[in-house]
Amino acid sequence: VQLVESGGGLVQPGGFLRLTCVASGIDISYYDMGWYRQAPGMQREFVAQIETGGKAYISDAVKGRFTISRDNAKNTVSLQMSSLKTEDTAVYYCNGLRPDHYEYWGQGTQVTVSS
C-alpha cells in the first residue's frame, strides 16, 4: 500500500497550491481520506477529511481557505489551498482510514509559505 503526495512547494503569502495524494494497493472508495500537517516542533494536526460518502470536515484553522475533494475513479484525494498564510507552513500528510480504523499514511510533502 502506498499513499504518495505531490504538489507542495514554496509559495508567497496569499498564494495557492493544490496537493494531490495518489493511492495504490487500496481502493479509496472504502476509505475516509484526509490531510494532516506537521509544522517544525509541533504535533501533527488535522486539516481536512472527506468520508466515503463525500461529507467533508475542515479544521477551523483553514476553513474557508482549503477544500478537500476525492476522485474514487482515479484513486486520488486533493487539497486545494488558497489565501495561504505563513502559519500554513508544514509537511502535509495524506491519510487513509479503514472502517476498522486502521490507518495508512503517506510520506508527506513540504509546503512553505514565505515572502
# chains A, B, ... in the order shown; residues from 1 in each chain; ligands from 1

call {"tool": "residues_around", "arguments": {"residues": "Met33 (chain A)", "least_positions_apart": "3", "cutoff": "12 Å", "atoms": "only C-alpha atoms", "output": "number ranges by chain"}}
result
A: 3, 20-23, 26-30, 36, 46-57, 68-72, 75-79, 93-99, 101, 103-106

call {"tool": "residues_around", "arguments": {"residues": "Gln38 (chain A)", "least_positions_apart": "2", "cutoff": "10 Å", "atoms": "only C-alpha atoms", "output": "ChimeraX atom specification"}}
result
/A:36,40-47,88-93,108,110

call {"tool": "atom_distance", "arguments": {"atom1": "CA of Gly9 (chain A)", "atom2": "CA of Asp60 (chain A)"}}
result
23.0 Å

call {"tool": "closest_residue", "arguments": {"among": "A:Ser24, A:Gln12, A:Ile58, A:Leu19", "to": "Gln80 (chain A)", "atoms": "only C-alpha atoms"}}
result
A:Leu19

call {"tool": "atom_distance", "arguments": {"atom1": "CA of Ser115 (chain A)", "atom2": "CA of Gly8 (chain A)"}}
result
15.9 Å

call {"tool": "select_by_dssp", "arguments": {"residues": "region 1-113 of chain A", "states": "strand (DSSP E or B)", "output": "PyMOL selection string"}}
result
chain A and resi 2-6+9-11+17-24+32-38+45-50+56-58+66-71+76-81+90-97+103-105+109-113

call {"tool": "closest_residue", "arguments": {"among": "A:Ser114, A:Gln107, A:Gln2, A:Thr86", "to": "Ala39 (chain A)", "atoms": "only C-alpha atoms"}}
result
A:Thr86

call {"tool": "atom_distance", "arguments": {"atom1": "CA of Ser83 (chain A)", "atom2": "CA of Ser6 (chain A)"}}
result
19.2 Å

call {"tool": "closest_residue", "arguments": {"among": "A:Val4, A:Leu10, A:Met81, A:Leu17", "to": "Lys63 (chain A)", "atoms": "only C-alpha atoms"}}
result
A:Met81
